[in-house]
Each structure stands twice: as structure tokens, then as C-alpha cells.
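Data block below; observations after.
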Amino acid sequence: MSDTSIALNNFLLLGSSGAFANFEPEQLLSNHDKLEQFLLSNGDSLSTLELYSLYELQFYLALLTKHDIEAKAMLDRLVDQFGANAKSQRLKLLQSIYLEAIGKRDEALALVNKSPNELKLARRLVTFGRKADSNDNEDYISTLTYYLDLQPTDLVTWSELGHEYSKIGHYDKAIYCFKEILLQDALIYPIFYKVGLNYYYNFLQEEKNLKTERKDKLLELLNILINSRNNYLRAVEIFDDYTKAWVGIYIITQLGSFNDKLKKLGDGGIKEVKEYLEYNEKLSKLSDKRIQELAQPEEYAKILNDIKK
Amino acid sequence: MAKSSTLVTYFVGLLLLVHSGYSSYEFHKLSAITHQSSHLPIDILVETLVGIIVIVIGGFNSIENSSVLTFDGREIQPDYKYLKPIEMKDSVKLIERIGTSDYEELESRLPFIDIVGKRKKYDEWVKSHQD
């Protein structure tokens, strides 16, 4: 396959996955420049579907990198092709995002508010509950939950709500949201990882607030850790090269001070704790080995950094 | 996009098949005129077989897995030259190596993108690089 086809497939995958939404500014700029060059050199040889998919991607990349004139040009091409008056939710969504980006929030809101029964636009409408320049996401969470009452099978919205709860430290609620996704599709290993991660954060939160070393409290914490470990293990059971989940398992096995407390309990004859510690040792070696096999040092550092965020 | 070598293979194979078909037609016409009944000449049979084999080779060539680019520009060769494994743990490997997954939609949550916040972050990045 030629270099052009490889680059084309790469851009189409980037556009269809929406992965650029989580890109760092440097990656956004680099991809914007590459796509701009690609469209100039190969635009004429692409099929209509490929060309307009790339125009849509370039619209987002241009908007995110503040090339507003270019973003408008891409939007106009899409509107020219598919009709300004057509009842296309996708076009209206793009127009609304553009208006919001250039500061015309009221116009953007009016555009999506016209058709509250259309799923994509209704989802976008929900985002207007978000407060700019503020970490307070209470209103946004309320609108998300209201929307989910109407559309309980919308997995992307459950994921968004889970992330919002996680941001403000409501890990138990975040876990509930991610589990709702797993109820609908039990093979989504990245979500098992998210559940495991939120249990781990929940453990750290509870451990920080721990004032006594009472047996029942420690066992409660142990149960949270076991839940976290089991969800990570389910992720690697589905996809055994999933580095993030192996790193998650490794971190759990290296909780020195908490494990010392557990050892004392284990020496006191609690079978559940003994079993956990034995299993922990095996997992520590295994996860360390798998990380060495799978991850480059910089990738490992990036995953650790993401978990600490 | 089909590879040019695949297109050439298909073209050559089809050409051989069409040629052998036309030769066979001419041979039968000639046989009818001369009222001589005989078997199809071996060279026409061989040409037909070669044409079919060339097309089959083209077919195999067209399903060869291509290399892919990561989002940061590195080229990755697929694990298998032909066809993908059907086990999930194997089939998701390549897309994970690219830096995404089949469930990226749940991670990227594009419909909920905070476009104003992202643009602000981009602005800050540009300013920090100008300083």
C-alpha cells in the first residue's frame, strides 16, 4: 500500500474515532498541518466520502488550533455539499460548535435548541449546562442526569457523566456510571480499566480519611482494593496486552504501608487477608514482567502520570 | 485504494482469459468451416489456466494487510500479512498500538467536547512557546 493510502487511513481513523478530542495542543497542530498538506496534494484523487470525512476532521482540527477562517471554509464546503436547509443533525452540530467557539454562544444554543427531540443535538444542548472558567460542574451533572433519564442507553453520555463525577471526587458515582456501560456491553475493556481506576482512587480517598486502624475499616478498604484489582484483571483477561491495566495492577500490589497493616491482620489469622497478600505477591511479579514486555519507559511514565492526575 | 501491482495482476489475468476465450471462439469457428472435429489446442487451455491463476494471485494480493501510521507519525507493520485473527484479544492489538481503540468514542466523547476550554488550552500552549 502506498504512503498516501496509509496516511489517508490514518486520517480517516482519527476522524471516525474522535481521538483528537483528547489530543494535546502540540499533537493538534501537527495533525492540522499534516492534513492541510495532504488535502492540498491529494484532495483531487479522493472519493467524495473520503474527501468530506477529511473536511469534517479538518474543521475540528482548524477550530481547535484557532484557524477560524479555515474552519469556516471547511464548514461552508460541507454545507454547500449537503445543503444548508437539510435536516442534518450532523451539520447543525458542526455549525453550533463553530458558533460556540467564536463566542456566539446564544446563537449556538438557539441552533441546537430548535430540535430538542434529535439525539445528537439534544446531547449538544446538554453541554450548555457547563460553566466556562469554572470547576463547578454541578449544573452540568444535573443536565446530564436529566438527559440520561430520557436516554438511558446512551453509552457516550454515561461515560461523560462518569468522567465528570470522577473529576470532583465522587468515585462511587463514577463507578456506577461506568458499570452502566458494562451492563450494555460487557467486553469494553477500557471501561473495566476505568472502573478499576476509580475504585483505586476511592481507596486512596478513604485511606486518607482513615483515622484508626480498626479491623473492620481495614477490611472495608481491602474490599475496595479487591474490586479495583478484579476490574483491572477483567480488562487484561479480555485484552492481555492492555498496558494501562497491568500498570494499575502493579500499583495496587506496591502499596507498602497499607500492605504492612494487612500483614499484621493476616498474622492475626484472618484468612481473607492472607489469601489477598499471597495473590498480591504473584500478581506483583506477573504485572512487573508484563509491563517490561509491553511498555517502553516513556509510555510507562505517561500512564503513571495519567493515573496520578 | 487498490495497490497498482494488484490492478496490473487483474488486468494481465483478464487479458489472458479474454484472449484464450477469443482464441477458442476462433478455433471453433474454423472447425465449423473446415468440418474438422478436434480437441481444443493445448496452448489455449494453458493460457486459460494461467489467466485464472494470475487472477487468483491478484485476489490474494488485494487482501494483504497494509502498514499503518500512528497518530504521531510512526509507521507500524501489521502482525499478519494476510487476514486478521478473530480472537478479540488479538484483533484489538493493532488499533491499540496506533493509540486508539474500538471504544474510543467513549474515551474521546466528541459530542460533548468543551470547544471553548480546548481552544483556551491551545492559546495558553502557544503563549508558553512564544515566551
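Ordering of the C-alpha cells sets the chain letters (A, B, ...), residue numbers begin anew at 1 in every chain, and ligands are numbered from 1 in the order given.
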Output as a tab-separated table one row per residue of chain A within 6 Å of chain B: the closest atom pair and its distance in Å to one decimal place, counting only C-alpha atoms, sorted by chain and residue number ascending.
```
residue	atom	partner	partner_atom	distance
A:Met1	CA	B:Ser66	CA	5.7
A:Ile6	CA	B:Val68	CA	5.4
A:Asn10	CA	B:Leu69	CA	5.9
A:Ser17	CA	B:Glu104	CA	5.6
A:Gly18	CA	B:Ser108	CA	5.8
A:Ala19	CA	B:Ser108	CA	5.4
A:Ala21	CA	B:Ser108	CA	5.6
A:Asn22	CA	B:Ser108	CA	5.9
A:Pro25	CA	B:Tyr122	CA	5.2
A:Leu64	CA	B:Arg119	CA	5.4
A:Ala101	CA	B:Val116	CA	5.5
A:Val156	CA	B:Leu106	CA	5.2
A:Ser159	CA	B:Leu106	CA	5.9
A:Ile238	CA	B:Lys89	CA	5.9
A:Phe239	CA	B:Lys89	CA	4.3
```
Counting only C-alpha atoms, which residues in region 202-302 of chain A sit no more than 12 Å from region 160-171 of chain A? For each one, give the nearest pair of atoms and the distance in Å, sorted by chain then residue number, as a tab-separated table.
```
residue	atom	partner	partner_atom	distance
A:Asn202	CA	A:Tyr171	CA	5.7
A:Phe203	CA	A:Tyr171	CA	9.5
A:Leu204	CA	A:Tyr171	CA	10.6
A:Gln205	CA	A:Gly169	CA	8.4
A:Glu206	CA	A:Tyr171	CA	10.7
A:Ile224	CA	A:Tyr171	CA	11.3
A:Ser228	CA	A:Tyr171	CA	11.8
```
Write out as a ChimeraX atom specification the residues lying within 10 Å of region 106-117 of chain A, counting only C-alpha atoms and excluding same-chain residues fewer than 2 positions away.
/A:87,89,92-104,119-128
Find the residue from A:Leu8, A:Asn230, A:Ser53, A:Tyr276 that sits nearest to Ser41 (chain A); use only C-alpha atoms when measuring.
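Using only C-alpha atoms, Ser41 (chain A) sits closest to A:Leu8.
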Show which residues sit within 10 Å of Lys34 (chain A), as a ChimeraX atom specification. Count only C-alpha atoms, and ignore same-chain residues fewer than 5 positions away.
/A:7,11,28-29,39-40 /B:73
